[in-house]
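Colleague: Coordinates in input_37.pdb, PDB, C-alpha atoms and all ligand atoms, are listed below.
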MODEL        1
ATOM      1  CA  MET A   1     -16.522 -65.091 119.817  1.00  0.00           C
ATOM      2  CA  SER A   2     -18.449 -61.887 120.541  1.00  0.00           C
ATOM      3  CA  GLU A   3     -15.116 -60.045 121.053  1.00  0.00           C
ATOM      4  CA  ASN A   4     -14.014 -61.018 117.519  1.00  0.00           C
ATOM      5  CA  LYS A   5     -17.217 -59.599 116.054  1.00  0.00           C
ATOM      6  CA  GLU A   6     -16.654 -56.295 117.848  1.00  0.00           C
ATOM      7  CA  ILE A   7     -13.219 -55.882 116.254  1.00  0.00           C
ATOM      8  CA  GLU A   8     -14.593 -56.569 112.756  1.00  0.00           C
ATOM      9  CA  ILE A   9     -17.285 -53.866 113.097  1.00  0.00           C
ATOM     10  CA  LEU A  10     -14.787 -51.284 114.381  1.00  0.00           C
ATOM     11  CA  LEU A  11     -12.466 -51.861 111.418  1.00  0.00           C
ATOM     12  CA  SER A  12     -15.244 -51.463 108.876  1.00  0.00           C
ATOM     13  CA  VAL A  13     -16.377 -48.178 110.477  1.00  0.00           C
ATOM     14  CA  TYR A  14     -12.844 -46.813 110.076  1.00  0.00           C
ATOM     15  CA  ASP A  15     -12.605 -48.088 106.503  1.00  0.00           C
ATOM     16  CA  LYS A  16     -15.915 -46.520 105.459  1.00  0.00           C
ATOM     17  CA  ASN A  17     -14.919 -43.233 107.070  1.00  0.00           C
ATOM     18  CA  GLU A  18     -11.573 -43.167 105.258  1.00  0.00           C
ATOM     19  CA  GLU A  19     -13.247 -44.077 101.937  1.00  0.00           C
ATOM     20  CA  ILE A  20     -15.701 -41.155 102.154  1.00  0.00           C
ATOM     21  CA  ALA A  21     -12.920 -38.837 103.375  1.00  0.00           C
ATOM     22  CA  ALA A  22     -10.879 -39.652 100.252  1.00  0.00           C
ATOM     23  CA  LEU A  23     -13.884 -38.858  98.022  1.00  0.00           C
ATOM     24  CA  THR A  24     -14.535 -35.578  99.854  1.00  0.00           C
ATOM     25  CA  ASN A  25     -10.865 -34.681  99.533  1.00  0.00           C
ATOM     26  CA  THR A  26     -11.006 -35.190  95.758  1.00  0.00           C
ATOM     27  CA  LYS A  27     -14.206 -33.112  95.481  1.00  0.00           C
ATOM     28  CA  LEU A  28     -12.592 -30.301  97.475  1.00  0.00           C
ATOM     29  CA  THR A  29      -9.409 -30.371  95.414  1.00  0.00           C
ATOM     30  CA  ASN A  30     -11.450 -30.262  92.196  1.00  0.00           C
ATOM     31  CA  SER A  31     -13.346 -27.218  93.528  1.00  0.00           C
ATOM     32  CA  GLY A  32     -10.086 -25.387  94.285  1.00  0.00           C
ATOM     33  CA  ILE A  33     -10.474 -25.782  98.032  1.00  0.00           C
ATOM     34  CA  TYR A  34      -7.619 -26.405 100.467  1.00  0.00           C
ATOM     35  CA  ALA A  35      -9.134 -27.929 103.610  1.00  0.00           C
ATOM     36  CA  ILE A  36      -7.635 -27.722 107.095  1.00  0.00           C
ATOM     37  CA  ASN A  37      -8.820 -29.863 110.002  1.00  0.00           C
ATOM     38  CA  VAL A  38      -8.421 -27.680 113.118  1.00  0.00           C
ATOM     39  CA  MET A  39      -7.927 -29.769 116.249  1.00  0.00           C
ATOM     40  CA  GLY A  40      -7.304 -29.015 119.913  1.00  0.00           C
ATOM     41  CA  ALA A  41      -8.663 -29.318 123.429  1.00  0.00           C
ATOM     42  CA  PRO A  42     -11.819 -27.403 124.439  1.00  0.00           C
ATOM     43  CA  GLY A  43     -10.885 -23.767 124.973  1.00  0.00           C
ATOM     44  CA  ALA A  44      -7.422 -24.068 123.378  1.00  0.00           C
ATOM     45  CA  GLY A  45      -8.258 -21.154 121.111  1.00  0.00           C
ATOM     46  CA  LYS A  46      -9.311 -22.873 117.900  1.00  0.00           C
ATOM     47  CA  THR A  47     -11.992 -20.291 117.083  1.00  0.00           C
ATOM     48  CA  THR A  48      -9.803 -17.402 118.257  1.00  0.00           C
ATOM     49  CA  SER A  49      -7.014 -18.660 115.974  1.00  0.00           C
ATOM     50  CA  LEU A  50      -9.424 -19.004 113.043  1.00  0.00           C
ATOM     51  CA  ILE A  51     -10.538 -15.401 113.511  1.00  0.00           C
ATOM     52  CA  GLU A  52      -6.900 -14.212 113.539  1.00  0.00           C
ATOM     53  CA  ILE A  53      -6.104 -16.287 110.437  1.00  0.00           C
ATOM     54  CA  VAL A  54      -9.222 -15.316 108.470  1.00  0.00           C
ATOM     55  CA  LYS A  55      -8.659 -11.595 108.972  1.00  0.00           C
ATOM     56  CA  ARG A  56      -5.134 -11.934 107.506  1.00  0.00           C
ATOM     57  CA  LEU A  57      -6.152 -13.844 104.362  1.00  0.00           C
ATOM     58  CA  ASN A  58      -5.885 -11.709 101.225  1.00  0.00           C
ATOM     59  CA  ASN A  59      -7.554 -12.666  97.943  1.00  0.00           C
ATOM     60  CA  VAL A  60      -8.585 -16.049  99.341  1.00  0.00           C
ATOM     61  CA  THR A  61     -12.131 -16.866 100.382  1.00  0.00           C
ATOM     62  CA  PRO A  62     -12.345 -18.523 103.792  1.00  0.00           C
ATOM     63  CA  TYR A  63     -15.079 -21.018 104.629  1.00  0.00           C
ATOM     64  CA  VAL A  64     -15.606 -22.511 108.072  1.00  0.00           C
ATOM     65  CA  ILE A  65     -17.395 -25.626 109.265  1.00  0.00           C
ATOM     66  CA  GLU A  66     -17.800 -25.411 113.026  1.00  0.00           C
ATOM     67  CA  GLY A  67     -18.063 -28.664 114.926  1.00  0.00           C
ATOM     68  CA  ASP A  68     -19.474 -28.714 118.438  1.00  0.00           C
ATOM     69  CA  ILE A  69     -21.403 -31.234 120.489  1.00  0.00           C
ATOM     70  CA  GLU A  70     -24.080 -28.579 121.138  1.00  0.00           C
ATOM     71  CA  ALA A  71     -24.567 -24.807 120.555  1.00  0.00           C
ATOM     72  CA  ASP A  72     -23.536 -22.456 117.740  1.00  0.00           C
ATOM     73  CA  PHE A  73     -21.730 -19.549 119.430  1.00  0.00           C
ATOM     74  CA  ASP A  74     -18.613 -19.861 117.260  1.00  0.00           C
ATOM     75  CA  THR A  75     -20.593 -19.968 114.007  1.00  0.00           C
ATOM     76  CA  LYS A  76     -22.534 -16.846 115.024  1.00  0.00           C
ATOM     77  CA  THR A  77     -19.249 -15.048 115.808  1.00  0.00           C
ATOM     78  CA  LEU A  78     -17.804 -15.984 112.400  1.00  0.00           C
ATOM     79  CA  LEU A  79     -20.994 -15.085 110.491  1.00  0.00           C
ATOM     80  CA  ALA A  80     -20.984 -11.675 112.215  1.00  0.00           C
ATOM     81  CA  LEU A  81     -17.462 -11.179 110.831  1.00  0.00           C
ATOM     82  CA  GLY A  82     -18.763 -11.914 107.330  1.00  0.00           C
ATOM     83  CA  VAL A  83     -17.249 -15.409 107.097  1.00  0.00           C
ATOM     84  CA  LYS A  84     -19.212 -18.116 105.307  1.00  0.00           C
ATOM     85  CA  ALA A  85     -19.693 -20.540 108.171  1.00  0.00           C
ATOM     86  CA  ILE A  86     -22.006 -23.388 109.035  1.00  0.00           C
ATOM     87  CA  GLN A  87     -22.527 -25.340 112.222  1.00  0.00           C
ATOM     88  CA  ILE A  88     -22.484 -29.075 112.787  1.00  0.00           C
ATOM     89  CA  ASN A  89     -23.724 -30.334 116.157  1.00  0.00           C
ATOM     90  CA  THR A  90     -22.809 -33.949 116.785  1.00  0.00           C
ATOM     91  CA  GLY A  91     -25.246 -34.240 119.724  1.00  0.00           C
ATOM     92  CA  GLY A  92     -22.683 -36.175 121.741  1.00  0.00           C
ATOM     93  CA  ALA A  93     -20.104 -37.625 119.362  1.00  0.00           C
ATOM     94  CA  CYS A  94     -16.563 -36.606 120.297  1.00  0.00           C
ATOM     95  CA  HIS A  95     -15.256 -36.001 116.764  1.00  0.00           C
ATOM     96  CA  LEU A  96     -16.448 -35.055 113.274  1.00  0.00           C
ATOM     97  CA  ASP A  97     -16.599 -37.871 110.758  1.00  0.00           C
ATOM     98  CA  SER A  98     -16.389 -37.837 106.985  1.00  0.00           C
ATOM     99  CA  PRO A  99     -20.125 -38.392 106.150  1.00  0.00           C
ATOM    100  CA  LEU A 100     -20.960 -35.281 108.228  1.00  0.00           C
ATOM    101  CA  ILE A 101     -18.319 -33.226 106.425  1.00  0.00           C
ATOM    102  CA  ASP A 102     -19.297 -34.529 103.004  1.00  0.00           C
ATOM    103  CA  LYS A 103     -22.871 -33.313 103.582  1.00  0.00           C
ATOM    104  CA  ALA A 104     -21.704 -29.936 104.936  1.00  0.00           C
ATOM    105  CA  VAL A 105     -19.389 -29.462 101.940  1.00  0.00           C
ATOM    106  CA  GLU A 106     -22.384 -29.979  99.616  1.00  0.00           C
ATOM    107  CA  ASP A 107     -24.430 -27.426 101.622  1.00  0.00           C
ATOM    108  CA  LEU A 108     -21.698 -24.764 101.627  1.00  0.00           C
ATOM    109  CA  LYS A 109     -21.324 -24.708  97.801  1.00  0.00           C
ATOM    110  CA  LEU A 110     -17.600 -24.124  98.006  1.00  0.00           C
ATOM    111  CA  SER A 111     -15.330 -22.890  95.283  1.00  0.00           C
ATOM    112  CA  ASN A 112     -11.755 -21.611  95.317  1.00  0.00           C
ATOM    113  CA  GLY A 113     -10.646 -20.864  98.840  1.00  0.00           C
ATOM    114  CA  VAL A 114      -9.628 -22.321 102.157  1.00  0.00           C
ATOM    115  CA  LEU A 115     -11.985 -24.440 104.219  1.00  0.00           C
ATOM    116  CA  PHE A 116     -11.310 -24.564 107.942  1.00  0.00           C
ATOM    117  CA  ILE A 117     -13.056 -27.364 109.790  1.00  0.00           C
ATOM    118  CA  GLU A 118     -13.041 -26.716 113.550  1.00  0.00           C
ATOM    119  CA  ASN A 119     -13.244 -30.191 115.020  1.00  0.00           C
ATOM    120  CA  ILE A 120     -14.839 -31.052 118.367  1.00  0.00           C
ATOM    121  CA  GLY A 121     -12.706 -29.846 121.302  1.00  0.00           C
ATOM    122  CA  ASN A 122     -10.857 -33.047 122.133  1.00  0.00           C
ATOM    123  CA  LEU A 123      -7.202 -34.068 121.907  1.00  0.00           C
ATOM    124  CA  VAL A 124      -7.953 -37.727 121.242  1.00  0.00           C
ATOM    125  CA  CYS A 125     -10.584 -38.812 118.674  1.00  0.00           C
ATOM    126  CA  PRO A 126     -10.351 -36.008 116.051  1.00  0.00           C
ATOM    127  CA  ALA A 127      -6.805 -37.157 115.256  1.00  0.00           C
ATOM    128  CA  GLU A 128      -8.040 -40.672 114.451  1.00  0.00           C
ATOM    129  CA  PHE A 129     -10.563 -39.823 111.725  1.00  0.00           C
ATOM    130  CA  MET A 130      -9.797 -38.301 108.325  1.00  0.00           C
ATOM    131  CA  ILE A 131     -12.557 -35.914 107.232  1.00  0.00           C
ATOM    132  CA  GLY A 132     -11.394 -34.958 103.738  1.00  0.00           C
ATOM    133  CA  GLU A 133      -8.733 -32.490 104.810  1.00  0.00           C
ATOM    134  CA  HIS A 134      -5.472 -31.653 103.087  1.00  0.00           C
ATOM    135  CA  ALA A 135      -3.766 -30.698 106.369  1.00  0.00           C
ATOM    136  CA  LYS A 136      -4.266 -30.921 110.113  1.00  0.00           C
ATOM    137  CA  LEU A 137      -3.644 -27.852 112.262  1.00  0.00           C
ATOM    138  CA  LEU A 138      -3.287 -28.514 115.991  1.00  0.00           C
ATOM    139  CA  VAL A 139      -3.825 -25.778 118.569  1.00  0.00           C
ATOM    140  CA  SER A 140      -1.996 -26.545 121.813  1.00  0.00           C
ATOM    141  CA  THR A 141      -1.586 -24.052 124.639  1.00  0.00           C
ATOM    142  CA  VAL A 142       0.868 -23.093 127.339  1.00  0.00           C
ATOM    143  CA  THR A 143      -1.959 -23.347 129.885  1.00  0.00           C
ATOM    144  CA  GLU A 144      -2.511 -27.050 129.118  1.00  0.00           C
ATOM    145  CA  GLY A 145       1.024 -27.883 130.270  1.00  0.00           C
ATOM    146  CA  SER A 146       4.154 -29.039 128.488  1.00  0.00           C
ATOM    147  CA  ASP A 147       3.448 -32.767 128.891  1.00  0.00           C
ATOM    148  CA  LYS A 148       0.619 -32.912 126.347  1.00  0.00           C
ATOM    149  CA  PRO A 149       2.670 -34.351 123.434  1.00  0.00           C
ATOM    150  CA  TYR A 150       3.636 -37.217 125.729  1.00  0.00           C
ATOM    151  CA  LYS A 151       0.062 -37.866 126.911  1.00  0.00           C
ATOM    152  CA  TYR A 152      -1.807 -37.326 123.626  1.00  0.00           C
ATOM    153  CA  PRO A 153       0.773 -38.402 121.028  1.00  0.00           C
ATOM    154  CA  LEU A 154      -1.465 -39.055 118.036  1.00  0.00           C
ATOM    155  CA  ALA A 155      -2.688 -35.459 117.677  1.00  0.00           C
ATOM    156  CA  PHE A 156       0.918 -34.194 117.741  1.00  0.00           C
ATOM    157  CA  GLU A 157       2.147 -36.948 115.444  1.00  0.00           C
ATOM    158  CA  LYS A 158      -0.504 -36.323 112.781  1.00  0.00           C
ATOM    159  CA  ALA A 159      -0.373 -32.511 112.824  1.00  0.00           C
ATOM    160  CA  ASP A 160       1.042 -30.699 109.787  1.00  0.00           C
ATOM    161  CA  ILE A 161       1.336 -27.449 111.745  1.00  0.00           C
ATOM    162  CA  ILE A 162       1.182 -26.839 115.493  1.00  0.00           C
ATOM    163  CA  LEU A 163       0.185 -23.543 117.072  1.00  0.00           C
ATOM    164  CA  LEU A 164       1.369 -23.036 120.638  1.00  0.00           C
ATOM    165  CA  ASN A 165      -1.304 -20.585 121.745  1.00  0.00           C
ATOM    166  CA  LYS A 166      -1.811 -18.305 124.765  1.00  0.00           C
ATOM    167  CA  CYS A 167       1.876 -17.331 124.786  1.00  0.00           C
ATOM    168  CA  ASP A 168       0.837 -14.048 126.417  1.00  0.00           C
ATOM    169  CA  LEU A 169       0.279 -16.158 129.536  1.00  0.00           C
ATOM    170  CA  LEU A 170       3.815 -17.625 129.624  1.00  0.00           C
ATOM    171  CA  PRO A 171       4.892 -15.406 132.541  1.00  0.00           C
ATOM    172  CA  TYR A 172       2.068 -16.811 134.672  1.00  0.00           C
ATOM    173  CA  VAL A 173       2.310 -20.559 134.001  1.00  0.00           C
ATOM    174  CA  ASP A 174       5.035 -23.174 134.499  1.00  0.00           C
ATOM    175  CA  PHE A 175       5.381 -24.139 130.874  1.00  0.00           C
ATOM    176  CA  ASP A 176       8.619 -25.967 130.018  1.00  0.00           C
ATOM    177  CA  GLU A 177       9.100 -25.146 126.340  1.00  0.00           C
ATOM    178  CA  GLU A 178      12.176 -27.371 125.926  1.00  0.00           C
ATOM    179  CA  PHE A 179      10.338 -30.397 127.345  1.00  0.00           C
ATOM    180  CA  PHE A 180       7.319 -29.640 125.137  1.00  0.00           C
ATOM    181  CA  MET A 181       9.460 -29.377 121.991  1.00  0.00           C
ATOM    182  CA  LYS A 182      11.367 -32.566 122.848  1.00  0.00           C
ATOM    183  CA  GLY A 183       8.036 -34.379 123.086  1.00  0.00           C
ATOM    184  CA  VAL A 184       6.781 -32.896 119.829  1.00  0.00           C
ATOM    185  CA  ARG A 185       9.951 -33.684 117.888  1.00  0.00           C
ATOM    186  CA  ALA A 186      10.036 -37.286 119.118  1.00  0.00           C
ATOM    187  CA  LEU A 187       6.691 -37.713 117.334  1.00  0.00           C
ATOM    188  CA  ASN A 188       6.850 -35.270 114.491  1.00  0.00           C
ATOM    189  CA  LYS A 189      10.066 -34.069 112.857  1.00  0.00           C
ATOM    190  CA  ASN A 190       8.607 -31.694 110.303  1.00  0.00           C
ATOM    191  CA  ALA A 191       5.545 -29.776 111.481  1.00  0.00           C
ATOM    192  CA  PRO A 192       6.338 -26.142 112.201  1.00  0.00           C
ATOM    193  CA  VAL A 193       5.565 -25.169 115.797  1.00  0.00           C
ATOM    194  CA  ILE A 194       4.537 -21.513 115.882  1.00  0.00           C
ATOM    195  CA  LYS A 195       4.167 -19.568 119.113  1.00  0.00           C
ATOM    196  CA  VAL A 196       1.008 -17.494 118.913  1.00  0.00           C
ATOM    197  CA  SER A 197      -1.331 -15.465 121.079  1.00  0.00           C
ATOM    198  CA  GLY A 198      -4.934 -14.659 120.342  1.00  0.00           C
ATOM    199  CA  LYS A 199      -4.562 -11.725 122.728  1.00  0.00           C
ATOM    200  CA  THR A 200      -1.439 -10.006 121.374  1.00  0.00           C
ATOM    201  CA  GLU A 201      -1.894 -11.504 117.849  1.00  0.00           C
ATOM    202  CA  GLU A 202       1.796 -12.560 117.788  1.00  0.00           C
ATOM    203  CA  GLY A 203       2.673 -15.391 115.402  1.00  0.00           C
ATOM    204  CA  PHE A 204      -0.385 -15.334 113.162  1.00  0.00           C
ATOM    205  CA  ASP A 205       1.378 -13.699 110.197  1.00  0.00           C
ATOM    206  CA  GLU A 206       3.678 -16.729 110.131  1.00  0.00           C
ATOM    207  CA  VAL A 207       0.736 -19.126 110.362  1.00  0.00           C
ATOM    208  CA  VAL A 208      -0.959 -17.430 107.423  1.00  0.00           C
ATOM    209  CA  SER A 209       2.280 -17.529 105.388  1.00  0.00           C
ATOM    210  CA  TRP A 210       2.409 -21.311 105.912  1.00  0.00           C
ATOM    211  CA  ILE A 211      -1.240 -21.673 104.839  1.00  0.00           C
ATOM    212  CA  MET A 212      -0.740 -19.499 101.753  1.00  0.00           C
ATOM    213  CA  GLU A 213       2.293 -21.557 100.675  1.00  0.00           C
ATOM    214  CA  LYS A 214       0.117 -24.682 100.788  1.00  0.00           C
ATOM    215  CA  VAL A 215      -2.800 -23.000  99.010  1.00  0.00           C
ATOM    216  CA  LYS A 216      -0.527 -21.848  96.171  1.00  0.00           C
ATOM    217  CA  LYS A 217       0.796 -25.373  95.680  1.00  0.00           C
TER     218      LYS A 217
HETATM  219  N1  LIG A 301      -5.049 -15.096 127.306  1.00  0.00           N
HETATM  220  C1  LIG A 301      -5.413 -15.687 126.167  1.00  0.00           C
HETATM  221  N2  LIG A 301      -6.679 -16.141 126.034  1.00  0.00           N
HETATM  222  C2  LIG A 301      -7.023 -16.727 124.872  1.00  0.00           C
HETATM  223  C3  LIG A 301      -6.108 -16.871 123.803  1.00  0.00           C
HETATM  224  N3  LIG A 301      -6.745 -17.515 122.787  1.00  0.00           N
HETATM  225  C4  LIG A 301      -7.981 -17.766 123.210  1.00  0.00           C
HETATM  226  N4  LIG A 301      -8.178 -17.277 124.474  1.00  0.00           N
HETATM  227  C5  LIG A 301      -9.387 -17.344 125.266  1.00  0.00           C
HETATM  228  O1  LIG A 301      -9.648 -18.722 125.529  1.00  0.00           O
HETATM  229  C6  LIG A 301     -11.042 -18.977 125.532  1.00  0.00           C
HETATM  230  C7  LIG A 301     -11.393 -20.081 124.552  1.00  0.00           C
HETATM  231  O2  LIG A 301     -11.092 -19.642 123.235  1.00  0.00           O
HETATM  232  P1  LIG A 301     -11.810 -20.263 121.974  1.00  0.00           P
HETATM  233  O3  LIG A 301     -11.166 -19.663 120.772  1.00  0.00           O
HETATM  234  O4  LIG A 301     -13.274 -20.167 122.108  1.00  0.00           O
HETATM  235  O5  LIG A 301     -11.368 -21.783 122.127  1.00  0.00           O
HETATM  236  P2  LIG A 301     -11.894 -23.088 121.356  1.00  0.00           P
HETATM  237  O6  LIG A 301     -12.850 -23.770 122.271  1.00  0.00           O
HETATM  238  O7  LIG A 301     -10.666 -23.912 121.150  1.00  0.00           O
HETATM  239  O8  LIG A 301     -12.496 -22.644 120.075  1.00  0.00           O
HETATM  240  C8  LIG A 301     -11.719 -17.648 125.197  1.00  0.00           C
HETATM  241  O9  LIG A 301     -12.106 -17.018 126.402  1.00  0.00           O
HETATM  242  C9  LIG A 301     -10.603 -16.861 124.520  1.00  0.00           C
HETATM  243  O10 LIG A 301     -10.739 -15.468 124.662  1.00  0.00           O
HETATM  244  C10 LIG A 301      -4.793 -16.374 123.973  1.00  0.00           C
HETATM  245  O11 LIG A 301      -3.902 -16.473 123.111  1.00  0.00           O
HETATM  246  N5  LIG A 301      -4.511 -15.798 125.180  1.00  0.00           N
HETATM  247 MG    MG A 302     -14.416 -22.989 119.223  1.00  0.00          MG
ENDMDL
END
Would you mind writing the file's structure down as C-alpha cells?
Modeller:
Amino acid sequence: MSENKEIEILLSVYDKNEEIAALTNTKLTNSGIYAINVMGAPGAGKTTSLIEIVKRLNNVTPYVIEGDIEADFDTKTLLALGVKAIQINTGGACHLDSPLIDKAVEDLKLSNGVLFIENIGNLVCPAEFMIGEHAKLLVSTVTEGSDKPYKYPLAFEKADIILLNKCDLLPYVDFDEEFFMKGVRALNKNAPVIKVSGKTEEGFDEVVSWIMEKVKK
C-alpha cells in the first residue's frame, strides 16, 4: 500500500516539473532566447566549454545560469569576462529543476540571445528533468573513459549535441574512440559529436556554428 503511494507522488513531481518547463520554454521563445541545458560529470569542462563558446559568439548576447550544489566560482569567472551570469545553489539537490530556472529567468531579465544553463555536475539526474531548454548539450571527456555511453545512457540519448572534451589528453589516456562512438550511436543517431579541447581550443568553432544555426531558426 505504502509503495503504491510513493509511485504516485514521484509521477506528480515529474509532471509538475515538465509543466513548468513547458511554460518557461514558451516565455524564453517569446523573449527571443534560445536556451541550452549544459550537462556533464563534475570537472568534464562545462564551464571551460561555455567560456570558449561565449568568446566566439558574434552579435548574440550570451546569458548563463550556473548550477552548483555549493559555491559560485564559475559565476565569478563568467562575470569577470563580462558575461551576464547568475548562480543557483541547490544546497544538495543533484540537478536543476524547472521552478528554480523559471525564477532565475525572471531575475535575469532576458531578451534576444542564448541562455546557457550549466546543470549540476552529474551524468544521471540532469538528463531526467526538463528545465525549459530548447536543446541539451552534453560534455563528455576522454578522461572519463569510452564506456560512459553504455553506463549512463540517458544523458547520451537525450543530448542534441555532444562535446568530447579534453582531446589534448588523448595521447595519455586509453580512450577507445570507436567503442565510444558505437555506444553513442546505439542511443542517438543524430546528435553531432564534436571533438574539442578547452586547452588547445580545437573544435569550438564547429560547436558555435551548430549553436548559431539553431539560434537563426
Ligand atoms: N587538459 C584539459 N583540461 C581541461 C579541459 N577542459 C577543462 N579542463 C580542466 O578541467 C577542470 C574542470 O573544468 P571545468 O570547466 O571547471 O569543469 P566543470 O566542472 O564541468 O565546469 C579545470 O581544471 C579545467 O582547466 C581540456 O580540454 N583539457
Ligand atoms: Mg562548472
Colleague: Within 9 Å of ligand LIG 301 (chain A), which residues of chain A come that close, and what is the closest atom pair and distance in Å for each? Count only C-alpha atoms and all ligand atoms and give it as a tab-separated table.
Modeller:
residue	atom	partner	partner_atom	distance
A:Met39	CA	A:LIG301	O7	8.1
A:Gly40	CA	A:LIG301	O7	6.2
A:Ala41	CA	A:LIG301	O7	6.2
A:Pro42	CA	A:LIG301	O6	4.4
A:Gly43	CA	A:LIG301	O6	3.3
A:Ala44	CA	A:LIG301	O7	3.9
A:Gly45	CA	A:LIG301	O3	3.3
A:Lys46	CA	A:LIG301	O7	3.7
A:Thr47	CA	A:LIG301	O3	3.8
A:Thr48	CA	A:LIG301	O3	3.6
A:Ser49	CA	A:LIG301	O3	6.4
A:Leu50	CA	A:LIG301	O3	8.0
A:Ile51	CA	A:LIG301	O3	8.4
A:Phe73	CA	A:LIG301	O4	8.9
A:Asp74	CA	A:LIG301	O4	7.2
A:Glu118	CA	A:LIG301	O8	7.7
A:Ile120	CA	A:LIG301	O6	8.5
A:Gly121	CA	A:LIG301	O6	6.2
A:Val139	CA	A:LIG301	O7	7.5
A:Thr141	CA	A:LIG301	O11	8.1
A:Leu164	CA	A:LIG301	O11	8.8
A:Asn165	CA	A:LIG301	O11	5.1
A:Lys166	CA	A:LIG301	O11	3.2
A:Cys167	CA	A:LIG301	O11	6.1
A:Asp168	CA	A:LIG301	N5	5.8
A:Leu169	CA	A:LIG301	N1	5.9
A:Val196	CA	A:LIG301	O11	6.5
A:Ser197	CA	A:LIG301	O11	3.4
A:Gly198	CA	A:LIG301	O11	3.5
A:Lys199	CA	A:LIG301	N5	4.8
A:Thr200	CA	A:LIG301	O11	7.1
A:Glu201	CA	A:LIG301	O11	7.5
A:Glu202	CA	A:LIG301	O11	8.7
Colleague: Go through the shown structure with the PyMOL selection byres (((chain A and resi 91-98) around 12) and not hetatm) and write out the matching residues as a PyMOL selection string.
Modeller: chain A and resi 13-25+37-42+65-71+87-90+99-105+117-133
Colleague: Run the PyMOL selection byres (((chain A and resi 209) around 12) and not hetatm) mentally over the shown coordinates, then write out the matched residues as number ranges by chain, using the chain letters and numbers from the document.
Modeller: A: 53, 56-58, 161, 192, 194, 203-208, 210-216
Colleague: I need the chosen residues saved as a PDB file, in the coordinates of the input, with C-alpha atoms.
Modeller:
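Resulting contents of again-v1.pdb:
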ATOM      1  CA  ILE A  53      -6.104 -16.287 110.437  1.00  0.00           C
ATOM      2  CA  ARG A  56      -5.134 -11.934 107.506  1.00  0.00           C
ATOM      3  CA  LEU A  57      -6.152 -13.844 104.362  1.00  0.00           C
ATOM      4  CA  ASN A  58      -5.885 -11.709 101.225  1.00  0.00           C
ATOM      5  CA  ILE A 161       1.336 -27.449 111.745  1.00  0.00           C
ATOM      6  CA  PRO A 192       6.338 -26.142 112.201  1.00  0.00           C
ATOM      7  CA  ILE A 194       4.537 -21.513 115.882  1.00  0.00           C
ATOM      8  CA  GLY A 203       2.673 -15.391 115.402  1.00  0.00           C
ATOM      9  CA  PHE A 204      -0.385 -15.334 113.162  1.00  0.00           C
ATOM     10  CA  ASP A 205       1.378 -13.699 110.197  1.00  0.00           C
ATOM     11  CA  GLU A 206       3.678 -16.729 110.131  1.00  0.00           C
ATOM     12  CA  VAL A 207       0.736 -19.126 110.362  1.00  0.00           C
ATOM     13  CA  VAL A 208      -0.959 -17.430 107.423  1.00  0.00           C
ATOM     14  CA  TRP A 210       2.409 -21.311 105.912  1.00  0.00           C
ATOM     15  CA  ILE A 211      -1.240 -21.673 104.839  1.00  0.00           C
ATOM     16  CA  MET A 212      -0.740 -19.499 101.753  1.00  0.00           C
ATOM     17  CA  GLU A 213       2.293 -21.557 100.675  1.00  0.00           C
ATOM     18  CA  LYS A 214       0.117 -24.682 100.788  1.00  0.00           C
ATOM     19  CA  VAL A 215      -2.800 -23.000  99.010  1.00  0.00           C
ATOM     20  CA  LYS A 216      -0.527 -21.848  96.171  1.00  0.00           C
TER      21      LYS A 216
END
Colleague: Is there a way to get, as a ChimeraX atom specification, all residues within 10 Å of the point (-22.2, -17.6, 110.2) in file coordinates, counting only C-alpha atoms?
Modeller: /A:63-66,72-87
Colleague: Would you compute the distance between CA of Tyr172 in chain A and CA of Val142 in chain A? Give it in Å to one decimal.
Modeller: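 Interatomic distance here is 9.7 Å.
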Colleague: What gap, in Å, lies between CA of Glu106 in chain A and CA of Lys158 in chain A?
Modeller: 26.3 Å
Colleague: Interatomic distance between CA of Thr143 in chain A and CA of Leu115 in chain A?
Modeller: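 These two atoms are separated by 27.6 Å.
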Colleague: Give as a ChimeraX atom specification the residues that the PyMOL selection byres (((chain A and resi 114) around 8) and not hetatm) matches when applied to the coordinates above.
Modeller: /A:33-36,60-63,112-113,115-116,215
Colleague: Which of these, A:Asn188, A:Ser146, A:Ser31, A:Asn4, has the shortest distance to Leu108 in chain A once you count all atoms listed in the file?
Modeller: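 Of A:Asn188, A:Ser146, A:Ser31, A:Asn4, the one nearest Leu108 in chain A, counting all atoms listed in the file, is A:Ser31.
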